[in-house]
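Step one of this worksheet: look at the structure below.
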Amino acid sequence: MAKSSREARERRHQRVRARVTGTPERPRLNVYRSLDHIYAQVIDDTVGHTLVSASTLDAEVKKQVGKNGEAKMNEAKIVGQILAARAKNAGISAVVFDRGGNKYHGRVKALADGAREGGLDF
């Protein structure tokens with residue numbers, strides 16, 4: 001019997017998480033994508049703390065997106081850039097990327113590209 005797409009994504013995420021862990025020197029950049037929004041967090045898995053985060057719901061992102069909104073790809077790129085700036089302010093320059101079971105294309109790739117442009121190394 002075919003699994004739902006959500007169950008398949010969760011299984012892919014478990015496979016990714018089995019190999020990807022964040023350390024204090026190189027925390028994990030986690031991405032979650034819903035239908036309307038995208039969320040990103042930099043997490044230190046040794047203590048289980050979120051160090052910095054950004055999403056399309058943040059006021060700073062909404063300010064850059066503007067009144068009319070933009071395409072979701074551009075929003076994701078802006079989230080990546082803002083997350084990278086916040087990480088730099090927190091003293092984080094290198095991360096490991098956790099795509100959250102999503103394929104590495106579209107909004108997830110746009111967020112990663114924005115974070116790289118912002119100066120994060122992964």
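Lettering and numbering for the structure tokens are positional, with chains as A, B, ... in the shown order, residues counted from 1 in each chain, and ligands counted from 1 in the shown order.
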
Near stretch 29-38 of chain A, 6 Å: stretch 42-111 of chain A residue rows, closest pairs, only C-alpha atoms, as JSON lines:
{"residue": "A:Val42", "atom": "CA", "partner": "A:Leu29", "partner_atom": "CA", "distance": 4.5}
{"residue": "A:Ser55", "atom": "CA", "partner": "A:Ile38", "partner_atom": "CA", "distance": 5.7}
{"residue": "A:Thr56", "atom": "CA", "partner": "A:His37", "partner_atom": "CA", "distance": 5.6}
{"residue": "A:Val96", "atom": "CA", "partner": "A:Leu29", "partner_atom": "CA", "distance": 5.9}
{"residue": "A:Phe97", "atom": "CA", "partner": "A:Leu29", "partner_atom": "CA", "distance": 4.9}
{"residue": "A:Asp98", "atom": "CA", "partner": "A:Asn30", "partner_atom": "CA", "distance": 4.8}
{"residue": "A:Arg99", "atom": "CA", "partner": "A:Val31", "partner_atom": "CA", "distance": 5.4}
{"residue": "A:Gly100", "atom": "CA", "partner": "A:Val31", "partner_atom": "CA", "distance": 5.6}

Output as a CSV table (one decimal) with all heavy atoms, in the first residue's frame all residues of stretch 2-113 of chain A that backbone DSSP marks as helix (DSSP H, G or I).
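out00.csv, freshly written:
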chain,number,residue,atom,x,y,z
A,5,SER,N,2.5,11.2,1.2
A,5,SER,CA,3.7,12.0,1.0
A,5,SER,C,4.3,12.5,2.3
A,5,SER,O,5.5,12.6,2.4
A,5,SER,CB,3.4,13.2,0.0
A,5,SER,OG,2.4,14.0,0.6
A,6,ARG,N,3.4,12.7,3.3
A,6,ARG,CA,3.9,13.2,4.6
A,6,ARG,C,4.7,12.1,5.3
A,6,ARG,O,5.8,12.3,5.8
A,6,ARG,CB,2.8,13.6,5.4
A,6,ARG,CG,3.2,14.1,6.8
A,6,ARG,CD,2.1,14.4,7.7
A,6,ARG,NE,2.6,14.7,9.0
A,6,ARG,CZ,2.4,15.9,9.6
A,6,ARG,NH1,1.8,16.8,9.0
A,6,ARG,NH2,2.9,16.0,10.8
A,7,GLU,N,4.2,10.9,5.2
A,7,GLU,CA,4.9,9.7,5.8
A,7,GLU,C,6.2,9.5,5.1
A,7,GLU,O,7.2,9.1,5.8
A,7,GLU,CB,4.0,8.5,5.8
A,7,GLU,CG,2.8,8.5,6.7
A,7,GLU,CD,1.8,7.4,6.5
A,7,GLU,OE1,1.8,6.9,5.4
A,7,GLU,OE2,1.1,7.0,7.5
A,8,ALA,N,6.2,9.6,3.8
A,8,ALA,CA,7.4,9.4,3.0
A,8,ALA,C,8.5,10.4,3.4
A,8,ALA,O,9.6,10.1,3.6
A,8,ALA,CB,7.1,9.4,1.5
A,9,ARG,N,8.1,11.7,3.5
A,9,ARG,CA,9.0,12.8,3.9
A,9,ARG,C,9.5,12.5,5.3
A,9,ARG,O,10.7,12.7,5.6
A,9,ARG,CB,8.3,14.1,3.9
A,9,ARG,CG,9.3,15.3,4.2
A,9,ARG,CD,8.6,16.6,4.5
A,9,ARG,NE,7.9,16.5,5.8
A,9,ARG,CZ,8.5,16.6,7.0
A,9,ARG,NH1,9.8,16.8,7.1
A,9,ARG,NH2,7.8,16.6,8.1
A,10,GLU,N,8.7,12.1,6.2
A,10,GLU,CA,9.1,11.8,7.6
A,10,GLU,C,10.2,10.6,7.6
A,10,GLU,O,11.1,10.7,8.4
A,10,GLU,CB,7.9,11.5,8.5
A,10,GLU,CG,7.1,12.7,8.8
A,10,GLU,CD,5.8,12.4,9.6
A,10,GLU,OE1,5.5,11.2,9.8
A,10,GLU,OE2,5.2,13.3,10.0
A,11,ARG,N,10.0,9.6,6.8
A,11,ARG,CA,10.9,8.5,6.7
A,11,ARG,C,12.2,9.0,6.1
A,11,ARG,O,13.3,8.6,6.6
A,11,ARG,CB,10.4,7.4,5.9
A,11,ARG,CG,9.2,6.6,6.6
A,11,ARG,CD,8.8,5.5,5.8
A,11,ARG,NE,9.8,4.5,5.7
A,11,ARG,CZ,10.0,3.6,4.8
A,11,ARG,NH1,9.1,3.6,3.8
A,11,ARG,NH2,10.9,2.7,4.8
A,12,ARG,N,12.2,9.8,5.1
A,12,ARG,CA,13.4,10.4,4.5
A,12,ARG,C,14.1,11.3,5.6
A,12,ARG,O,15.4,11.2,5.7
A,12,ARG,CB,13.1,11.3,3.3
A,12,ARG,CG,12.9,10.5,2.0
A,12,ARG,CD,12.9,11.4,0.8
A,12,ARG,NE,12.0,12.5,0.9
A,12,ARG,CZ,10.7,12.5,0.5
A,12,ARG,NH1,10.1,11.4,0.1
A,12,ARG,NH2,9.9,13.5,0.6
A,13,HIS,N,13.4,12.0,6.4
A,13,HIS,CA,14.0,12.9,7.4
A,13,HIS,C,14.7,12.0,8.4
A,13,HIS,O,15.8,12.4,8.9
A,13,HIS,CB,12.9,13.7,8.1
A,13,HIS,CG,13.4,14.7,9.0
A,13,HIS,ND1,13.4,16.1,8.8
A,13,HIS,CD2,14.1,14.6,10.2
A,13,HIS,CE1,14.0,16.7,9.8
A,13,HIS,NE2,14.4,15.8,10.7
A,14,GLN,N,14.1,10.9,8.8
A,14,GLN,CA,14.8,10.0,9.8
A,14,GLN,C,16.1,9.5,9.2
A,14,GLN,O,17.1,9.3,10.0
A,14,GLN,CB,13.8,8.8,10.2
A,14,GLN,CG,12.6,9.3,11.0
A,14,GLN,CD,13.0,10.0,12.3
A,14,GLN,OE1,14.0,9.6,13.0
A,14,GLN,NE2,12.4,11.1,12.5
A,15,ARG,N,16.1,9.2,7.9
A,15,ARG,CA,17.4,8.7,7.3
A,15,ARG,C,18.4,9.8,7.3
A,15,ARG,O,19.6,9.5,7.6
A,15,ARG,CB,17.1,8.3,5.9
A,15,ARG,CG,16.6,6.9,5.7
A,15,ARG,CD,16.8,6.3,4.3
A,15,ARG,NE,16.3,7.2,3.3
A,15,ARG,CZ,15.1,7.2,2.8
A,15,ARG,NH1,14.2,6.3,3.2
A,15,ARG,NH2,14.7,8.0,1.8
A,16,VAL,N,18.0,11.0,7.0
A,16,VAL,CA,18.9,12.2,7.0
A,16,VAL,C,19.5,12.4,8.4
A,16,VAL,O,20.7,12.6,8.7
A,16,VAL,CB,18.3,13.4,6.4
A,16,VAL,CG1,19.2,14.6,6.7
A,16,VAL,CG2,18.0,13.2,5.0
A,17,ARG,N,18.6,12.4,9.4
A,17,ARG,CA,18.9,12.7,10.8
A,17,ARG,C,19.8,11.6,11.4
A,17,ARG,O,20.6,11.9,12.4
A,17,ARG,CB,17.7,12.9,11.7
A,17,ARG,CG,17.0,14.2,11.5
A,17,ARG,CD,17.8,15.4,12.0
A,17,ARG,NE,17.8,15.3,13.4
A,17,ARG,CZ,18.9,15.3,14.2
A,17,ARG,NH1,20.1,15.4,13.6
A,17,ARG,NH2,18.8,15.3,15.5
A,18,ALA,N,19.8,10.4,10.9
A,18,ALA,CA,20.7,9.4,11.3
A,18,ALA,C,22.1,9.7,11.0
A,18,ALA,O,23.0,9.2,11.7
A,18,ALA,CB,20.3,8.0,10.7
A,19,ARG,N,22.4,10.5,10.0
A,19,ARG,CA,23.7,10.8,9.6
A,19,ARG,C,24.2,12.2,9.9
A,19,ARG,O,25.3,12.5,10.0
A,19,ARG,CB,23.8,10.7,8.1
A,19,ARG,CG,23.8,9.2,7.7
A,19,ARG,CD,24.0,9.1,6.2
A,19,ARG,NE,22.9,8.1,5.7
A,19,ARG,CZ,22.2,8.3,4.6
A,19,ARG,NH1,22.3,9.3,3.9
A,19,ARG,NH2,21.3,7.3,4.3
A,59,ALA,N,9.1,39.5,11.3
A,59,ALA,CA,8.8,40.9,10.8
A,59,ALA,C,9.9,41.4,9.9
A,59,ALA,O,9.6,42.1,8.9
A,59,ALA,CB,8.7,41.8,12.1
A,60,GLU,N,11.1,41.0,10.2
A,60,GLU,CA,12.2,41.4,9.3
A,60,GLU,C,12.1,40.9,7.9
A,60,GLU,O,12.4,41.6,6.9
A,60,GLU,CB,13.6,41.0,9.9
A,60,GLU,CG,14.8,41.6,9.3
A,60,GLU,CD,16.1,41.1,10.0
A,60,GLU,OE1,16.0,40.7,11.1
A,60,GLU,OE2,17.1,41.3,9.4
A,61,VAL,N,11.7,39.7,7.8
A,61,VAL,CA,11.4,39.1,6.4
A,61,VAL,C,10.3,39.7,5.8
A,61,VAL,O,10.3,40.1,4.6
A,61,VAL,CB,11.2,37.6,6.6
A,61,VAL,CG1,10.9,36.9,5.2
A,61,VAL,CG2,12.4,36.9,7.2
A,62,LYS,N,9.2,40.0,6.5
A,62,LYS,CA,8.0,40.6,5.9
A,62,LYS,C,8.3,42.0,5.4
A,62,LYS,O,7.8,42.4,4.4
A,62,LYS,CB,6.9,40.6,6.9
A,62,LYS,CG,6.2,39.3,7.1
A,62,LYS,CD,5.1,39.4,8.1
A,62,LYS,CE,4.4,38.0,8.3
A,62,LYS,NZ,3.3,38.1,9.1
A,63,LYS,N,9.2,42.7,6.1
A,63,LYS,CA,9.6,44.0,5.7
A,63,LYS,C,10.4,44.0,4.4
A,63,LYS,O,10.1,44.8,3.5
A,63,LYS,CB,10.5,44.6,6.8
A,63,LYS,CG,10.5,46.1,6.8
A,63,LYS,CD,11.5,46.7,7.9
A,63,LYS,CE,11.5,46.0,9.2
A,63,LYS,NZ,12.5,46.6,10.1
A,64,GLN,N,11.2,43.0,4.2
A,64,GLN,CA,12.0,42.9,2.9
A,64,GLN,C,11.1,42.4,1.8
A,64,GLN,O,11.4,42.7,0.6
A,64,GLN,CB,13.2,42.0,3.1
A,64,GLN,CG,14.3,42.6,3.9
A,64,GLN,CD,15.6,41.8,3.8
A,64,GLN,OE1,15.8,41.0,2.9
A,64,GLN,NE2,16.4,42.0,4.8
A,65,VAL,N,10.2,41.6,2.1
A,65,VAL,CA,9.3,41.0,1.1
A,65,VAL,C,8.4,42.1,0.5
A,65,VAL,O,8.1,42.1,-0.7
A,65,VAL,CB,8.5,39.8,1.6
A,65,VAL,CG1,7.4,39.4,0.7
A,65,VAL,CG2,9.4,38.6,1.9
A,72,LYS,N,7.5,32.5,-3.6
A,72,LYS,CA,7.9,31.7,-2.5
A,72,LYS,C,9.4,31.5,-2.6
A,72,LYS,O,10.1,31.4,-1.5
A,72,LYS,CB,7.2,30.4,-2.3
A,72,LYS,CG,5.7,30.6,-1.9
A,72,LYS,CD,5.0,29.3,-1.8
A,72,LYS,CE,3.5,29.5,-1.5
A,72,LYS,NZ,2.8,28.3,-1.4
A,73,MET,N,10.0,31.3,-3.8
A,73,MET,CA,11.4,31.1,-3.9
A,73,MET,C,12.2,32.3,-3.4
A,73,MET,O,13.2,32.1,-2.8
A,73,MET,CB,11.7,30.8,-5.4
A,73,MET,CG,11.1,29.6,-6.0
A,73,MET,SD,12.1,28.2,-5.6
A,73,MET,CE,13.5,28.5,-6.8
A,74,ASN,N,11.7,33.5,-3.8
A,74,ASN,CA,12.4,34.7,-3.3
A,74,ASN,C,12.3,34.8,-1.8
A,74,ASN,O,13.3,35.3,-1.2
A,74,ASN,CB,11.9,35.9,-4.0
A,74,ASN,CG,12.2,35.9,-5.5
A,74,ASN,OD1,13.2,35.3,-5.9
A,74,ASN,ND2,11.4,36.6,-6.3
A,75,GLU,N,11.2,34.5,-1.3
A,75,GLU,CA,11.0,34.6,0.2
A,75,GLU,C,12.0,33.6,0.9
A,75,GLU,O,12.6,34.0,1.9
A,75,GLU,CB,9.6,34.2,0.6
A,75,GLU,CG,8.5,35.3,0.3
A,75,GLU,CD,7.1,34.8,0.7
A,75,GLU,OE1,6.9,33.7,1.0
A,75,GLU,OE2,6.2,35.7,0.6
A,76,ALA,N,12.1,32.4,0.3
A,76,ALA,CA,13.0,31.4,0.9
A,76,ALA,C,14.5,32.0,0.9
A,76,ALA,O,15.2,31.8,1.8
A,76,ALA,CB,12.9,30.1,0.2
A,77,LYS,N,14.8,32.6,-0.2
A,77,LYS,CA,16.2,33.1,-0.3
A,77,LYS,C,16.4,34.2,0.7
A,77,LYS,O,17.5,34.3,1.3
A,77,LYS,CB,16.4,33.7,-1.7
A,77,LYS,CG,17.9,34.0,-2.0
A,77,LYS,CD,18.1,34.3,-3.5
A,77,LYS,CE,19.5,34.4,-3.8
A,77,LYS,NZ,19.8,34.6,-5.2
A,78,ILE,N,15.5,35.1,0.9
A,78,ILE,CA,15.6,36.1,1.9
A,78,ILE,C,15.7,35.5,3.3
A,78,ILE,O,16.5,36.0,4.1
A,78,ILE,CB,14.3,37.1,1.8
A,78,ILE,CG1,14.4,37.9,0.5
A,78,ILE,CG2,14.3,38.0,3.0
A,78,ILE,CD1,13.2,38.7,0.2
A,79,VAL,N,14.9,34.5,3.6
A,79,VAL,CA,15.0,33.8,4.9
A,79,VAL,C,16.4,33.3,5.1
A,79,VAL,O,17.0,33.4,6.2
A,79,VAL,CB,14.0,32.7,5.0
A,79,VAL,CG1,14.2,31.8,6.2
A,79,VAL,CG2,12.6,33.3,5.1
A,80,GLY,N,17.0,32.7,4.1
A,80,GLY,CA,18.4,32.2,4.1
A,80,GLY,C,19.4,33.3,4.4
A,80,GLY,O,20.3,33.1,5.2
A,81,GLN,N,19.2,34.4,3.8
A,81,GLN,CA,20.2,35.5,4.0
A,81,GLN,C,20.0,36.1,5.4
A,81,GLN,O,21.1,36.4,6.0
A,81,GLN,CB,19.9,36.6,2.9
A,81,GLN,CG,20.3,36.2,1.5
A,81,GLN,CD,19.8,37.2,0.5
A,81,GLN,OE1,18.9,38.0,0.7
A,81,GLN,NE2,20.3,37.0,-0.7
A,82,ILE,N,18.8,36.2,5.9
A,82,ILE,CA,18.6,36.8,7.2
A,82,ILE,C,19.1,35.8,8.3
A,82,ILE,O,19.8,36.2,9.3
A,82,ILE,CB,17.1,37.1,7.4
A,82,ILE,CG1,16.8,38.3,6.6
A,82,ILE,CG2,16.8,37.3,8.9
A,82,ILE,CD1,15.3,38.7,6.6
A,83,LEU,N,18.9,34.5,8.0
A,83,LEU,CA,19.4,33.5,9.0
A,83,LEU,C,20.9,33.5,9.0
A,83,LEU,O,21.5,33.4,10.1
A,83,LEU,CB,18.9,32.1,8.6
A,83,LEU,CG,19.4,31.0,9.5
A,83,LEU,CD1,18.5,30.9,10.7
A,83,LEU,CD2,19.4,29.6,8.8
A,84,ALA,N,21.6,33.7,7.9
A,84,ALA,CA,23.0,33.7,7.8
A,84,ALA,C,23.5,35.0,8.6
A,84,ALA,O,24.5,34.9,9.3
A,84,ALA,CB,23.5,33.8,6.4
A,85,ALA,N,22.9,36.1,8.4
A,85,ALA,CA,23.3,37.3,9.1
A,85,ALA,C,23.1,37.1,10.6
A,85,ALA,O,24.0,37.5,11.4
A,85,ALA,CB,22.4,38.5,8.7
A,86,ARG,N,22.1,36.5,11.1
A,86,ARG,CA,21.9,36.3,12.5
A,86,ARG,C,22.9,35.3,13.0
A,86,ARG,O,23.4,35.4,14.2
A,86,ARG,CB,20.4,35.7,12.8
A,86,ARG,CG,19.4,36.8,12.5
A,86,ARG,CD,18.0,36.2,12.7
A,86,ARG,NE,17.0,37.2,12.5
A,86,ARG,CZ,15.7,37.0,12.5
A,86,ARG,NH1,15.2,35.8,12.7
A,86,ARG,NH2,14.8,37.9,12.2
A,87,ALA,N,23.2,34.3,12.2
A,87,ALA,CA,24.2,33.3,12.6
A,87,ALA,C,25.6,34.0,12.8
A,87,ALA,O,26.4,33.7,13.7
A,87,ALA,CB,24.3,32.1,11.6
A,88,LYS,N,25.9,34.8,11.8
A,88,LYS,CA,27.2,35.5,11.9
A,88,LYS,C,27.3,36.4,13.2
A,88,LYS,O,28.3,36.4,13.8
A,88,LYS,CB,27.4,36.5,10.7
A,88,LYS,CG,27.7,35.7,9.4
A,88,LYS,CD,29.1,35.4,9.4
A,88,LYS,CE,29.5,35.0,8.0
A,88,LYS,NZ,30.9,34.6,7.9
A,89,ASN,N,26.2,37.0,13.5
A,89,ASN,CA,26.2,37.8,14.7
A,89,ASN,C,26.3,37.0,16.0
A,89,ASN,O,26.9,37.4,17.0
A,89,ASN,CB,24.9,38.6,14.8
A,89,ASN,CG,24.8,39.8,13.8
A,89,ASN,OD1,25.8,40.2,13.3
A,89,ASN,ND2,23.6,40.2,13.6
A,107,ARG,N,12.3,25.7,-3.1
A,107,ARG,CA,12.5,26.6,-1.9
A,107,ARG,C,13.6,26.2,-1.0
A,107,ARG,O,14.2,27.0,-0.4
A,107,ARG,CB,11.1,26.7,-1.2
A,107,ARG,CG,10.1,27.4,-1.9
A,107,ARG,CD,8.9,27.7,-1.1
A,107,ARG,NE,8.1,26.6,-0.9
A,107,ARG,CZ,7.2,26.4,0.1
A,107,ARG,NH1,7.1,27.3,1.0
A,107,ARG,NH2,6.5,25.3,0.2
A,108,VAL,N,13.8,24.9,-0.8
A,108,VAL,CA,14.9,24.4,0.1
A,108,VAL,C,16.2,24.8,-0.5
A,108,VAL,O,17.1,25.3,0.2
A,108,VAL,CB,14.8,22.9,0.3
A,108,VAL,CG1,15.9,22.4,1.1
A,108,VAL,CG2,13.5,22.5,1.0
A,109,LYS,N,16.4,24.6,-1.8
A,109,LYS,CA,17.6,25.0,-2.4
A,109,LYS,C,17.8,26.5,-2.4
A,109,LYS,O,18.9,27.1,-2.2
A,109,LYS,CB,17.7,24.5,-3.9
A,109,LYS,CG,19.0,24.8,-4.6
A,109,LYS,CD,19.0,24.2,-6.0
A,109,LYS,CE,20.3,24.4,-6.7
A,109,LYS,NZ,20.6,25.8,-6.9
A,110,ALA,N,16.7,27.3,-2.6
A,110,ALA,CA,16.8,28.8,-2.6
A,110,ALA,C,17.2,29.2,-1.2
A,110,ALA,O,18.0,30.2,-1.1
A,110,ALA,CB,15.4,29.4,-2.9
A,111,LEU,N,16.7,28.6,-0.1
A,111,LEU,CA,17.1,29.0,1.2
A,111,LEU,C,18.6,28.7,1.4
A,111,LEU,O,19.3,29.5,2.0
A,111,LEU,CB,16.3,28.2,2.3
A,111,LEU,CG,16.5,28.7,3.7
A,111,LEU,CD1,15.1,28.6,4.4
A,111,LEU,CD2,17.4,27.8,4.4
A,112,ALA,N,19.0,27.5,1.0
A,112,ALA,CA,20.5,27.2,1.1
A,112,ALA,C,21.3,28.1,0.4
A,112,ALA,O,22.4,28.6,0.9
A,112,ALA,CB,20.7,25.7,0.6
A,113,ASP,N,20.9,28.5,-0.8
A,113,ASP,CA,21.7,29.5,-1.6
A,113,ASP,C,21.8,30.8,-1.0
A,113,ASP,O,22.8,31.5,-0.9
A,113,ASP,CB,21.1,29.6,-3.0
A,113,ASP,CG,21.3,28.4,-3.9
A,113,ASP,OD1,22.2,27.5,-3.5
A,113,ASP,OD2,20.6,28.2,-4.9

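Atom CA of A:Ala71 is positioned 27.3 Å from atom CA of A:Ile43.
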
Using only C-alpha atoms, what does the table of stretch 7-40 of chain A residues within 10 Å of stretch 45-48 of chain A look like, with each row giving the shortest atom pair and its distance in Å to one decimal, sorted by chain and ascending number, as JSON lines?
{"residue": "A:Val20", "atom": "CA", "partner": "A:Asp45", "partner_atom": "CA", "distance": 9.8}
{"residue": "A:Thr21", "atom": "CA", "partner": "A:Asp45", "partner_atom": "CA", "distance": 6.3}
{"residue": "A:Gly22", "atom": "CA", "partner": "A:Asp45", "partner_atom": "CA", "distance": 5.0}
{"residue": "A:Thr23", "atom": "CA", "partner": "A:Thr46", "partner_atom": "CA", "distance": 6.1}
{"residue": "A:Pro24", "atom": "CA", "partner": "A:Thr46", "partner_atom": "CA", "distance": 7.3}
{"residue": "A:Arg26", "atom": "CA", "partner": "A:Asp45", "partner_atom": "CA", "distance": 10.0}
{"residue": "A:Pro27", "atom": "CA", "partner": "A:Asp45", "partner_atom": "CA", "distance": 7.2}
{"residue": "A:Arg28", "atom": "CA", "partner": "A:Asp45", "partner_atom": "CA", "distance": 7.5}

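For the choices A:Gly106, A:Ala94, A:Gly101, A:Ala115, the atom-to-atom distance to A:Ala54 is smallest for A:Ala115 when using only C-alpha atoms.
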
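The spacing separating atom CA of A:Gln41 from atom CA of A:Val95 amounts to 10.8 Å.
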
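Straight-line separation from atom CA of A:Asp58 to atom CA of A:Tyr39: 9.7 Å.
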